[in-house]
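See below for the structure under consideration.
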Amino acid sequence: MNFIKRYGIISIGCIVFALGFALFLSPAEISPGGVSGIVILITHFFPSADSGLLILMFNVPLLIIGTVLLGGRFLTGTVWATVFSSLCISFFEWLIPSPVTDDIFCSALLGAVFLGTGLALVFRENATTGGTDIAVRLIQKRIPHMKTGNIFLMIDSAVVIASGIVHRDIRTATYSGLALGISMFVFNYILYGGMRAKLLIIIDDNVSSLPHTLIRETGVTIINARGAYSGNDKCVLICAVDKRRYPLVTRMIASTSPDAIVITAPADGFSHGHSII
């Protein structure tokens, strides 16, 4: 069942990715980075070339490197994603040969949303669609704290700049950069989720009734602490609050313990891999 679910999600991601590329980005010659962006630049000079086949040809050596360095599980998912997404691109280009829209902004926006969504679905299942995705995986393996979308952004910016040089058109380069930014925002949002909560660190000189007031709205952890300068005992409360309840909770703190120091930060929480916020 897990096998079917994994490859089902990868396949859906490939189809969404291919739709964004074949229906929107490629017809408008918008290059949002990566091997797909390089192929769009190549087809500018060779319009009759098969984009799906070119992508597959670029990916073969990268797949070999990725397999050696990232292991067999990476290989199986990525080979399928690379081949299937390339076939989908060729199929959609054959099925719908004329541009879906002549509006370059619409093409950049929709293409980027489709591309980012498709890539995120594939990455969530520990696979890639090949190309610079493999390079991103290798960098992430080396620097795990870096967000995947940010690595993409750094690598793919070079292709966007090349797009402006090849087309000698700042408008095309601008829309390529816009598509890259939107696709990476969508990618990061789907892969990591939006920050749905606020982390509150509340420092108070006495416990008073504040924890009991907060417990009605959220869970609270109490830590006994001592001020480094004053040496006085203090109470530190930590709680995560849903964004929608954040204004209510801050009003409760202000009314119950007006002298408390409150530190707020974005938060997301997981337990055994499942979100708890």
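Ligands are numbered from 1 in the order shown, residues from 1 within each chain, and chains are lettered A, B, ... in the order they appear in the structure tokens.
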
Notebook entry, point to check: So which bits of region 38-275 of chain A end up alpha helix (DSSP H) when you DSSP the backbone, as a ChimeraX atom specification?
Noted result: /A:38-45,51-70,72-95,104-124,132-142,148-167,170-192,210-215,246-256

Item checked: Phe187 (chain A) environment, 8 Å, only C-alpha atoms, sequence neighbours closer than 3 positions dropped, as a list of chain:residue names -> A:Gly116, A:Thr117, A:Leu119, A:Ala120, A:Gly149, A:Ser183, A:Met184, A:Ile190, A:Leu191

Next item on the list: Would you please give, as a ChimeraX atom specification, all residues of region 20-230 of chain A that DSSP assigns to strand (DSSP E or B) based on the backbone?
Entry: /A:197-204,221-226

Notebook entry, point to check: Of the candidates A:Leu214, A:Gly37, A:Asp156, A:Trp94, which one gets nearest to Ser255 (chain A) if we count only C-alpha atoms?
Noted result: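 Ranked by minimum distance to Ser255 (chain A), first place goes to A:Leu214.
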